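Student: What follows is my_file.tsv, TSV, C-alpha atoms.
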```tsv
chain	number	residue	atom	x	y	z
Q	622	MET	CA	12.64	24.22	78.90
Q	623	SER	CA	14.48	22.81	81.80
Q	624	ASN	CA	17.88	23.88	83.06
Q	625	LYS	CA	19.39	20.77	81.62
Q	626	ASP	CA	18.09	21.63	78.12
Q	627	ALA	CA	19.30	25.20	78.40
Q	628	ARG	CA	22.76	24.06	79.40
Q	629	SER	CA	23.02	21.60	76.53
Q	630	LYS	CA	22.02	24.29	74.03
Q	631	ARG	CA	24.68	26.64	75.28
Q	632	GLN	CA	27.33	23.96	75.12
Q	633	GLY	CA	26.30	22.93	71.58
Q	634	ARG	CA	25.22	19.44	72.51
Q	635	PRO	CA	21.89	18.04	71.38
Q	636	SER	CA	19.24	17.79	74.06
Q	637	THR	CA	17.29	14.67	74.87
Q	638	THR	CA	13.53	14.43	75.11
Q	639	LYS	CA	11.50	12.40	77.53
Q	640	LYS	CA	11.35	9.40	75.21
Q	641	GLY	CA	15.06	9.39	74.62
Q	642	ALA	CA	15.15	10.81	71.10
Q	643	VAL	CA	17.92	13.20	70.19
Q	644	ARG	CA	16.76	16.69	69.20
Q	645	THR	CA	18.56	19.39	67.34
Q	646	ASN	CA	17.90	23.10	67.19
Q	647	GLY	CA	15.34	22.71	64.34
Q	648	GLY	CA	13.52	19.91	66.10
Q	649	LYS	CA	14.63	17.33	63.54
Q	650	SER	CA	16.69	14.28	64.30
Q	651	SER	CA	20.21	14.18	62.93
Q	652	ALA	CA	19.69	10.72	61.41
Q	653	SER	CA	16.79	11.82	59.15
Q	654	SER	CA	18.38	15.05	57.88
Q	655	GLY	CA	20.50	13.14	55.27
Q	656	ARG	CA	17.49	11.36	53.81
Q	657	LEU	CA	15.50	14.49	53.17
Q	658	SER	CA	18.15	16.04	50.97
Q	659	SER	CA	18.40	12.96	48.69
Q	660	ALA	CA	14.62	12.34	48.44
Q	661	PRO	CA	13.93	14.88	45.63
Q	662	ILE	CA	16.87	13.58	43.62
Q	663	THR	CA	15.64	10.01	43.99
Q	664	PHE	CA	12.13	11.04	43.02
Q	665	PHE	CA	13.29	12.86	39.86
Q	666	LEU	CA	15.57	9.97	38.88
Q	667	THR	CA	12.62	7.59	39.28
Q	668	VAL	CA	10.39	9.84	37.14
Q	669	ILE	CA	13.07	10.09	34.45
Q	670	ILE	CA	13.52	6.31	34.39
Q	671	VAL	CA	9.75	5.79	34.11
Q	672	ILE	CA	9.51	8.35	31.27
Q	673	LEU	CA	12.41	6.76	29.37
Q	674	GLY	CA	10.87	3.31	29.84
Q	675	SER	CA	7.51	4.60	28.57
Q	676	ILE	CA	9.16	6.13	25.50
Q	677	GLN	CA	10.95	2.86	24.77
Q	678	LEU	CA	7.71	0.92	25.20
Q	679	LEU	CA	5.79	3.28	22.91
Q	680	SER	CA	8.55	3.07	20.31
Q	681	THR	CA	8.37	-0.72	20.43
Q	682	PHE	CA	4.58	-0.72	20.01
Q	683	HIS	CA	4.84	1.78	17.13
Q	684	THR	CA	7.36	-0.42	15.33
Q	685	TYR	CA	5.12	-3.43	15.95
Q	686	ALA	CA	2.10	-1.62	14.49
Q	687	LEU	CA	4.08	-0.56	11.39
Q	688	ASN	CA	5.36	-4.09	10.86
Q	689	LEU	CA	1.85	-5.50	11.28
Q	690	ALA	CA	0.45	-3.06	8.70
Q	691	GLU	CA	3.23	-3.98	6.27
Q	692	LEU	CA	2.56	-7.68	6.85
Q	693	ASN	CA	-1.13	-7.21	6.10
Q	694	SER	CA	-0.40	-5.29	2.90
Q	695	LEU	CA	2.05	-7.99	1.79
Q	696	LYS	CA	-0.57	-10.69	2.49
Q	697	ASN	CA	-3.09	-8.76	0.37
Q	698	GLU	CA	-0.54	-8.37	-2.41
Q	699	GLU	CA	0.25	-12.09	-2.21
Q	700	ALA	CA	-3.44	-12.98	-2.51
Q	701	SER	CA	-3.75	-10.65	-5.51
Q	702	LEU	CA	-0.71	-12.20	-7.19
Q	703	ILE	CA	-2.01	-15.72	-6.54
Q	704	ALA	CA	-5.34	-14.78	-8.16
Q	705	GLN	CA	-3.49	-13.25	-11.11
Q	706	LYS	CA	-1.36	-16.39	-11.48
Q	707	GLU	CA	-4.48	-18.56	-11.51
Q	708	GLN	CA	-5.98	-16.31	-14.18
Q	709	LEU	CA	-2.84	-16.59	-16.31
Q	710	ASP	CA	-2.68	-20.37	-15.83
Q	711	ASN	CA	-6.30	-20.54	-16.96
Q	712	ASP	CA	-5.45	-18.45	-20.04
Q	713	ILE	CA	-2.51	-20.74	-20.84
Q	714	ASP	CA	-4.78	-23.79	-20.59
Q	715	ARG	CA	-7.36	-22.15	-22.87
Q	716	TRP	CA	-4.74	-21.28	-25.49
Q	717	GLY	CA	-3.67	-24.92	-25.44
Q	718	ASP	CA	-7.14	-25.89	-26.73
Q	719	ASP	CA	-7.35	-25.96	-30.55
Q	720	ALA	CA	-11.02	-24.90	-30.58
Q	721	TYR	CA	-10.24	-21.76	-28.55
Q	722	VAL	CA	-7.32	-20.84	-30.83
Q	723	THR	CA	-9.53	-21.30	-33.88
Q	724	ALA	CA	-12.30	-19.15	-32.38
Q	725	GLN	CA	-9.81	-16.40	-31.51
Q	726	ALA	CA	-8.29	-16.49	-35.00
Q	727	ARG	CA	-11.75	-16.14	-36.54
Q	728	GLU	CA	-12.83	-13.37	-34.18
Q	729	ARG	CA	-9.67	-11.29	-33.84
Q	730	LEU	CA	-7.92	-11.83	-37.16
Q	731	GLY	CA	-10.87	-12.53	-39.46
Q	732	PHE	CA	-9.54	-15.92	-40.61
Q	733	VAL	CA	-11.84	-18.31	-42.48
Q	734	PHE	CA	-11.46	-21.94	-43.45
Q	735	PRO	CA	-10.94	-22.83	-47.12
Q	736	GLY	CA	-14.25	-22.80	-48.94
Q	737	GLU	CA	-15.90	-20.37	-46.50
Q	738	ARG	CA	-16.82	-16.78	-47.26
Q	739	SER	CA	-16.12	-13.96	-44.89
Q	740	ILE	CA	-18.97	-11.50	-44.59
Q	741	ARG	CA	-18.52	-8.22	-42.77
Q	742	ILE	CA	-21.60	-6.28	-41.84
Q	743	LEU	CA	-20.82	-2.57	-41.87
Q	744	HIS	CA	-23.84	-1.63	-39.78
Q	745	PRO	CA	-24.61	-4.47	-37.36
Q	746	GLU	CA	-27.24	-2.37	-35.61
Q	747	ALA	CA	-29.35	-2.68	-38.77
Q	748	VAL	CA	-29.39	-6.47	-38.35
Q	749	THR	CA	-29.51	-6.83	-34.57
Q	750	GLY	CA	-31.17	-3.57	-33.57
Q	751	LYS	CA	-28.42	-2.87	-31.02
Q	752	SER	CA	-25.46	-0.54	-31.38
Q	753	THR	CA	-22.00	-2.01	-30.93
Q	754	ASP	CA	-19.51	-0.71	-28.39
Q	755	SER	CA	-16.70	-0.46	-30.94
Q	756	ASP	CA	-18.73	1.92	-33.12
Q	757	ALA	CA	-19.44	4.20	-30.17
Q	758	SER	CA	-15.83	4.29	-28.97
Q	759	ASN	CA	-14.17	4.75	-32.39
Q	760	GLY	CA	-16.40	7.32	-34.08
Q	761	SER	CA	-13.51	9.34	-35.54
Q	762	SER	CA	-12.43	6.93	-38.31
Q	763	SER	CA	-14.57	5.47	-41.02
Q	764	ASP	CA	-16.43	2.16	-40.64
Q	765	THR	CA	-14.57	0.44	-43.49
Q	766	GLU	CA	-11.18	1.15	-41.92
Q	767	GLN	CA	-12.34	-0.17	-38.56
Q	768	LYS	CA	-13.76	-3.39	-39.95
Q	769	LEU	CA	-10.74	-4.47	-42.02
Q	770	PRO	CA	-8.69	-7.38	-40.73
Q	771	TRP	CA	-5.36	-6.38	-39.23
Q	772	TYR	CA	-3.28	-7.47	-42.20
Q	773	LYS	CA	-5.43	-5.54	-44.71
Q	774	ASP	CA	-5.38	-2.52	-42.43
Q	775	MET	CA	-1.58	-2.74	-42.30
Q	776	PHE	CA	-1.31	-2.88	-46.12
Q	777	SER	CA	-3.71	0.03	-46.38
Q	778	SER	CA	-1.49	2.04	-44.04
Q	779	PHE	CA	1.59	1.21	-46.16
Q	780	GLU	CA	-0.19	2.37	-49.30
Q	781	LYS	CA	-1.19	5.65	-47.64
Q	782	ALA	CA	2.36	6.20	-46.38
Q	783	ASP	CA	3.88	5.53	-49.82
Q	784	ALA	CA	1.50	7.88	-51.60
Q	785	THR	CA	2.71	11.41	-52.24
Q	786	PRO	CA	0.73	14.23	-50.63
Q	787	THR	CA	-0.84	15.25	-53.97
Q	788	GLN	CA	-1.90	11.67	-54.71
Q	789	SER	CA	-3.53	11.24	-51.30
Q	790	LYS	CA	-5.59	14.44	-51.80
Q	791	GLU	CA	-6.67	13.40	-55.30
Q	792	GLY	CA	-7.55	9.86	-54.17
Q	793	LYS	CA	-9.97	11.11	-51.54
```
Is it possible to express this structure as structure tokens?

Tutor:
Amino acid sequence: MSNKDARSKRQGRPSTTKKGAVRTNGGKSSASSGRLSSAPITFFLTVIIVILGSIQLLSTFHTYALNLAELNSLKNEEASLIAQKEQLDNDIDRWGDDAYVTAQARERLGFVFPGERSIRILHPEAVTGKSTDSDASNGSSSDTEQKLPWYKDMFSSFEKADATPTQSKEGK
């Protein structure tokens, strides 16, 4: 150090270097010392802002994904309901046809036209060689009770209900 630098240190003034920059005791310029103290704060504030922005962005994408999944499920439900409506409309059209109503009355209720005879086969497998599904599923009750038309079955139930317990044991 030169005499000039030594004097300036003793007097408390900053010394100058050959290029004209002002030096302090630590070798740092007085203009940059303020920036260094605020740099970590600025960095952490920037990191916090980026993290908060990322959280907000992820939350938005999550909500979008949930809404998209709900939309897809509602579209599937709509397609299912449209198919069901078409099926019901088709059923309504079929029930509007007299031939279909007649066939259902014959099959389900056992109705016959005047002059016809109703014949019930108790063991259809003897005629066709195949077992019926209704016999396999309802094996607990007797064949005659299963084959009665609904109205005869209802009257049979009324008769059994009206009978006293001793009469029902004697009748069987």

Student: Let me know the centre plus edge lengths, in Å and rounded to one decimal, of a box with edges along x, y and z that contains all listed atoms of stretch 770-785 of chain Q and is padded by 6 Å on every side, as lines of an AutoDock Vina configuration file.

Tutor:
```
center_x = -2.4
center_y = 2.0
center_z = -45.7
size_x = 24.6
size_y = 30.9
size_z = 25.0
```

Student: Give the answer as one residue: which of Q:Ile703, Q:Leu730, Q:Leu692, Q:Leu679 has the shortest atom-to-atom distance to Q:Tyr772, using only C-alpha atoms?

Tutor: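 Checking each candidate against Q:Tyr772, we get Q:Leu730 as the closest.
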
Student: What is the distance, in Å and to one decimal place, between atom CA of Q:Thr667 and atom CA of Q:Ser680?

Tutor: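 One can read the atom CA of Q:Thr667 to atom CA of Q:Ser680 distance as 19.9 Å.
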
Student: Taking 6 positions as the minimum chain separation for residues in the same chain, which residues sit within 12 Å of Q:Gly731 when counting only C-alpha atoms? Answer as a ChimeraX atom specification.

Tutor: /Q:723-725,737-741,768-774

Student: Can you measure atom CA of Q:Asp718 to atom CA of Q:Ala700 for me? One decimal in Å is fine.

Tutor: 27.7 Å

Student: Just how far from atom CA of Q:Leu687 is atom CA of Q:Ile669, in Å to one decimal?

Tutor: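 Computed distance, atom CA of Q:Ile669 to atom CA of Q:Leu687, equals 26.9 Å.
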